[in-house]
Amino acid sequence: MTGTPAGNTPGNTPENTTAHPGHRVLDGTARARDLRAGVQAEAAALTLLGVPPTLAVVVATDDEGAGWYVRSVSGAARRLGVACEVVDLGASAAPELIEATLARLSSDDRVHGILLQTPLPDGARVEQLAASIVPEKDVDGANPLSAGRLAAGLPAYPPATAAAVLDLLDHHGVEPAGRTAVVVGRSPAVGRPTAQLLLQRDATVQICHRHTKDLAAHTRTADILVVAVGRAGLIRAEHVADGAVVVDVGTNTASDGSLVGDVDAADVARRPGALTPVPGGVGPVTTALLLTHTVRSARAQV
Ligand code: NAP
C-alpha cells in the first residue's frame with residue numbers, strides 16, 4: 001500500500017491531533033492527474049479522427065452544490081479537450097421535458113456521454129428519467145439498465161463515484177479479494193454500485209444504512225470501509241478496526257464553510273490504517289473517471 005503519512009498532509013489532520021505513525025493518507029490527486037492526462041491524449045486523438053468527444057450535462061436545479069459540481073466537470077472537460085454542453089432546464093422543469101431532453105441527446109451523434117445532474121425537481125425521479133439515457137452514453141451509470149448489467153456482471157459504465165472508490169484502492173495497492181468490505185450508505189448512485197464492484201472483486205461485502213443497529217459493531221469488522229452517507233463526523237476511531245482502509249466518499253460543508261467528509265479524519269488518524277482525504281480523495285478521481293468514460297464512449301463510435 002502506498003500513501004502519505006497523515007502528519008505530512010496539510011488539511012487532513014489538524015495540528016492538535018497526534019496521528020498514529022502507522023496511519024496513511026491515500027491521496028487521490030496524483031491518480032486524478034494521471035487519469036486526466038490519459039483523457040487529454042485520447043481526446044486529442046479522437047478530435048484528429050473527426051470525433052471530438054462530447055459530454056452533455058442536463059441540469060434542472062438551482063442547488064448550489066450541484067452548480068459547483070457542474071462548473072467543475074465542465075471546466076475540467078474543456079481543459080482536457082472534451083466538449084461539454086450544459087443543458088440547463090431550470091429548477092421547475094417538468095419531468096417530461098427532462099425525459100425528452102435525455103432522449104434527444106441519446107440520439108444525437110455528436111454526444112458521447114450524458115450526465116443527469118441531481119437533485120431533480122420535486123416529483124422527478126432519477127431512476128425513472130435516467131432510463132431515457134441510452135446505456136452506451138450512460139457514462140455515470142444512472143440508467144437502471146446499467147445498474148442491472150453491473151449487478152449481473154455484464155459490461156456497463158458504473159457510476160463514476162463507485163468506480164473511483166475501486167480505482168483509488170487499486171492505485172494504492174489495496175486488493176479487495178478475500179477482504180471484508182463494509183459500505184455505509186445504499187444509494188443507487190454511490191453505496192449500492194460500490195458494493196457491487198467490491199463483490200465483483202471478490203470482497204465479502206456488507207451494506208449498512210439508516211436502519212442498521214449498532215453501526216460500529218459492523219464497521220469494526222471491515223478491512224475496507226467505504227462511507228457514503230452525507231453526515232460529517234459520522235465515523236470516528238471507535239468505528240474503525242486497526243489496520244483498516246477507510247474510503248471517505250462523503251462531502252459536507254462544515255460550519256466554517258470548508259469541505260469535509262463523513263469521517264472524523266483527525267480522530268481516525270489516531271489509529272494505524274489508511275484514509276482517503278476530503279478534499280483530494282475520491283472527488284477528483286470521480287471527475288476524471290467521468291471524462292474517461294466519455295472518451296471511451298467516443299472511441300467506441302469511431
Ligand atoms: P444519499 O442518496 O442521501 O444516501 C445516503 C445513504 O446514507 C442512504 O443509504 C442512507 O440510508 C444512509 N444513511 C443516512 N444516515 C445514516 C446513518 N446515520 N447511518 C448509516 N447510514 C446512513 O447520498 P449519496 O448520493 O449516496 O451521497 C452520499 C455522500 O457522498 C454525500 O455526502 C454526497 O455529497 C457524497 N458524494 C460524493 C461524491 C464524490 O465524488 N466525492 C459523489 C457523489 C456523492 P437509507 O437508505 O436507509 O436512507
# chains A, B, ... in the order shown; residues from 1 in each chain; ligands from 1

call {"tool": "select_by_dssp", "arguments": {"residues": "range 144-294 of chain A", "states": "helix (DSSP H, G or I)", "output": "VMD selection string"}}
result
chain A and resid 144 to 151 160 to 171 191 to 200 215 to 219 237 to 239 265 to 268 282 to 294

call {"tool": "residues_near_ligand", "arguments": {"ligand": "ligand 1", "cutoff": "7 Å", "atoms": "only C-alpha atoms and all ligand atoms", "output": "number ranges by chain"}}
result
A: 161, 184-187, 189-191, 208-212, 215, 228-231, 234, 249-252, 261-262, 282-283, 286

call {"tool": "atom_distance", "arguments": {"atom1": "CA of Asp248 in chain A", "atom2": "CA of Val260 in chain A"}}
result
9.5 Å

call {"tool": "select_by_dssp", "arguments": {"residues": "range 74-176 of chain A", "states": "strand (DSSP E or B)", "output": "PDB file with all heavy atoms, in the first residue's frame"}}
result
ATOM      1  N   ALA A  83     -15.507  18.418 -25.225  1.00  0.00           N
ATOM      2  CA  ALA A  83     -16.550  19.444 -25.276  1.00  0.00           C
ATOM      3  C   ALA A  83     -17.597  19.136 -24.219  1.00  0.00           C
ATOM      4  O   ALA A  83     -17.913  17.958 -23.985  1.00  0.00           O
ATOM      5  CB  ALA A  83     -17.181  19.459 -26.668  1.00  0.00           C
ATOM      6  N   CYS A  84     -18.098  20.163 -23.562  1.00  0.00           N
ATOM      7  CA  CYS A  84     -19.111  19.933 -22.537  1.00  0.00           C
ATOM      8  C   CYS A  84     -20.283  20.877 -22.777  1.00  0.00           C
ATOM      9  O   CYS A  84     -20.124  22.094 -22.770  1.00  0.00           O
ATOM     10  CB  CYS A  84     -18.520  20.152 -21.148  1.00  0.00           C
ATOM     11  SG  CYS A  84     -19.689  19.747 -19.843  1.00  0.00           S
ATOM     12  N   GLU A  85     -21.440  20.275 -23.013  1.00  0.00           N
ATOM     13  CA  GLU A  85     -22.638  21.057 -23.301  1.00  0.00           C
ATOM     14  C   GLU A  85     -23.544  20.974 -22.068  1.00  0.00           C
ATOM     15  O   GLU A  85     -24.029  19.889 -21.730  1.00  0.00           O
ATOM     16  CB  GLU A  85     -23.330  20.412 -24.511  1.00  0.00           C
ATOM     17  CG  GLU A  85     -24.511  21.161 -25.052  1.00  0.00           C
ATOM     18  CD  GLU A  85     -25.158  20.370 -26.208  1.00  0.00           C
ATOM     19  OE1 GLU A  85     -24.398  19.807 -27.034  1.00  0.00           O
ATOM     20  OE2 GLU A  85     -26.388  20.299 -26.253  1.00  0.00           O
ATOM     21  N   VAL A  86     -23.717  22.095 -21.376  1.00  0.00           N
ATOM     22  CA  VAL A  86     -24.596  22.099 -20.196  1.00  0.00           C
ATOM     23  C   VAL A  86     -25.983  22.538 -20.652  1.00  0.00           C
ATOM     24  O   VAL A  86     -26.160  23.624 -21.197  1.00  0.00           O
ATOM     25  CB  VAL A  86     -24.058  23.033 -19.094  1.00  0.00           C
ATOM     26  CG1 VAL A  86     -25.023  23.075 -17.909  1.00  0.00           C
ATOM     27  CG2 VAL A  86     -22.661  22.584 -18.644  1.00  0.00           C
ATOM     28  N   VAL A  87     -26.971  21.653 -20.462  1.00  0.00           N
ATOM     29  CA  VAL A  87     -28.344  21.967 -20.845  1.00  0.00           C
ATOM     30  C   VAL A  87     -29.104  22.270 -19.563  1.00  0.00           C
ATOM     31  O   VAL A  87     -29.481  21.368 -18.814  1.00  0.00           O
ATOM     32  CB  VAL A  87     -28.998  20.778 -21.587  1.00  0.00           C
ATOM     33  CG1 VAL A  87     -30.393  21.151 -22.082  1.00  0.00           C
ATOM     34  CG2 VAL A  87     -28.109  20.310 -22.738  1.00  0.00           C
ATOM     35  N   ASP A  88     -29.301  23.569 -19.283  1.00  0.00           N
ATOM     36  CA  ASP A  88     -29.961  23.969 -18.035  1.00  0.00           C
ATOM     37  C   ASP A  88     -31.451  24.186 -18.291  1.00  0.00           C
ATOM     38  O   ASP A  88     -31.846  25.129 -18.962  1.00  0.00           O
ATOM     39  CB  ASP A  88     -29.305  25.244 -17.496  1.00  0.00           C
ATOM     40  CG  ASP A  88     -29.745  25.522 -16.066  1.00  0.00           C
ATOM     41  OD1 ASP A  88     -30.761  24.932 -15.614  1.00  0.00           O
ATOM     42  OD2 ASP A  88     -29.077  26.323 -15.395  1.00  0.00           O
ATOM     43  N   GLY A 113     -21.435  11.204 -24.123  1.00  0.00           N
ATOM     44  CA  GLY A 113     -21.722  10.918 -22.721  1.00  0.00           C
ATOM     45  C   GLY A 113     -22.822  11.845 -22.227  1.00  0.00           C
ATOM     46  O   GLY A 113     -22.882  13.011 -22.645  1.00  0.00           O
ATOM     47  N   ILE A 114     -23.691  11.308 -21.358  1.00  0.00           N
ATOM     48  CA  ILE A 114     -24.792  12.124 -20.818  1.00  0.00           C
ATOM     49  C   ILE A 114     -24.799  11.978 -19.304  1.00  0.00           C
ATOM     50  O   ILE A 114     -24.792  10.865 -18.768  1.00  0.00           O
ATOM     51  CB  ILE A 114     -26.159  11.686 -21.399  1.00  0.00           C
ATOM     52  CG1 ILE A 114     -26.150  11.781 -22.925  1.00  0.00           C
ATOM     53  CG2 ILE A 114     -27.289  12.531 -20.814  1.00  0.00           C
ATOM     54  CD1 ILE A 114     -27.376  11.173 -23.592  1.00  0.00           C
ATOM     55  N   LEU A 115     -24.822  13.117 -18.630  1.00  0.00           N
ATOM     56  CA  LEU A 115     -24.900  13.134 -17.160  1.00  0.00           C
ATOM     57  C   LEU A 115     -26.187  13.848 -16.768  1.00  0.00           C
ATOM     58  O   LEU A 115     -26.426  14.968 -17.218  1.00  0.00           O
ATOM     59  CB  LEU A 115     -23.685  13.887 -16.609  1.00  0.00           C
ATOM     60  CG  LEU A 115     -23.650  14.158 -15.112  1.00  0.00           C
ATOM     61  CD1 LEU A 115     -23.493  12.867 -14.326  1.00  0.00           C
ATOM     62  CD2 LEU A 115     -22.501  15.113 -14.773  1.00  0.00           C
ATOM     63  N   LEU A 116     -27.008  13.183 -15.971  1.00  0.00           N
ATOM     64  CA  LEU A 116     -28.204  13.833 -15.426  1.00  0.00           C
ATOM     65  C   LEU A 116     -27.867  14.274 -14.013  1.00  0.00           C
ATOM     66  O   LEU A 116     -27.711  13.439 -13.109  1.00  0.00           O
ATOM     67  CB  LEU A 116     -29.392  12.859 -15.429  1.00  0.00           C
ATOM     68  CG  LEU A 116     -30.672  13.374 -14.760  1.00  0.00           C
ATOM     69  CD1 LEU A 116     -31.170  14.661 -15.410  1.00  0.00           C
ATOM     70  CD2 LEU A 116     -31.771  12.299 -14.808  1.00  0.00           C
TER      71      LEU A 116
END

call {"tool": "closest_residue", "arguments": {"among": "A:Ser132, A:Leu145, A:Ala124, A:Pro119", "to": "Arg104 in chain A", "atoms": "only C-alpha atoms"}}
result
A:Ser132

call {"tool": "residues_around", "arguments": {"residues": "Tyr157 in chain A", "least_positions_apart": "3", "cutoff": "9 Å", "atoms": "only C-alpha atoms", "output": "PyMOL selection string"}}
result
chain A and resi 135-142+146-147+150+160+163+293

call {"tool": "residues_around", "arguments": {"residues": "Val245 in chain A", "least_positions_apart": "6", "cutoff": "9 Å", "atoms": "only C-alpha atoms", "output": "PDB file with C-alpha atoms, in the first residue's frame"}}
result
ATOM      1  CA  ARG A  24      -1.548   6.661   5.923  1.00  0.00           C
ATOM      2  CA  LEU A  26      -4.474   7.730   0.474  1.00  0.00           C
ATOM      3  CA  LEU A 169      -7.956   1.210  -3.819  1.00  0.00           C
ATOM      4  CA  VAL A 174      -5.306  -2.343  -1.693  1.00  0.00           C
ATOM      5  CA  ALA A 222     -14.176  -4.094   7.915  1.00  0.00           C
ATOM      6  CA  ASP A 223     -10.765  -4.461   6.324  1.00  0.00           C
ATOM      7  CA  ILE A 224     -12.086  -1.940   3.780  1.00  0.00           C
ATOM      8  CA  LEU A 225     -14.670   0.576   4.998  1.00  0.00           C
ATOM      9  CA  VAL A 226     -16.420   2.807   2.444  1.00  0.00           C
ATOM     10  CA  GLY A 273      -4.567   2.159   8.951  1.00  0.00           C
ATOM     11  CA  ALA A 274      -5.379   4.380   5.991  1.00  0.00           C
ATOM     12  CA  LEU A 275      -7.915   7.020   4.992  1.00  0.00           C
ATOM     13  CA  THR A 276      -8.736   8.902   1.800  1.00  0.00           C
TER      14      THR A 276
END

call {"tool": "closest_residue", "arguments": {"among": "A:Leu291, A:Ala19, A:Asp27, A:Pro176", "to": "Thr4 in chain A", "atoms": "only C-alpha atoms"}}
result
A:Asp27

call {"tool": "residues_around", "arguments": {"residues": "range 39-50 of chain A", "least_positions_apart": "2", "cutoff": "9 Å", "atoms": "only C-alpha atoms", "output": "PyMOL selection string"}}
result
chain A and resi 34-37+52-53+77+79-82+288-289+291-292+294-296+298-299+302

call {"tool": "closest_residue", "arguments": {"among": "A:Pro121, A:Pro159, A:Asp170, A:Ala232", "to": "Ser255 in chain A", "atoms": "only C-alpha atoms"}}
result
A:Ala232

call {"tool": "closest_residue", "arguments": {"among": "A:Gly38, A:Gly173, A:Gly22, A:Gly233", "to": "Val278 in chain A", "atoms": "only C-alpha atoms"}}
result
A:Gly233
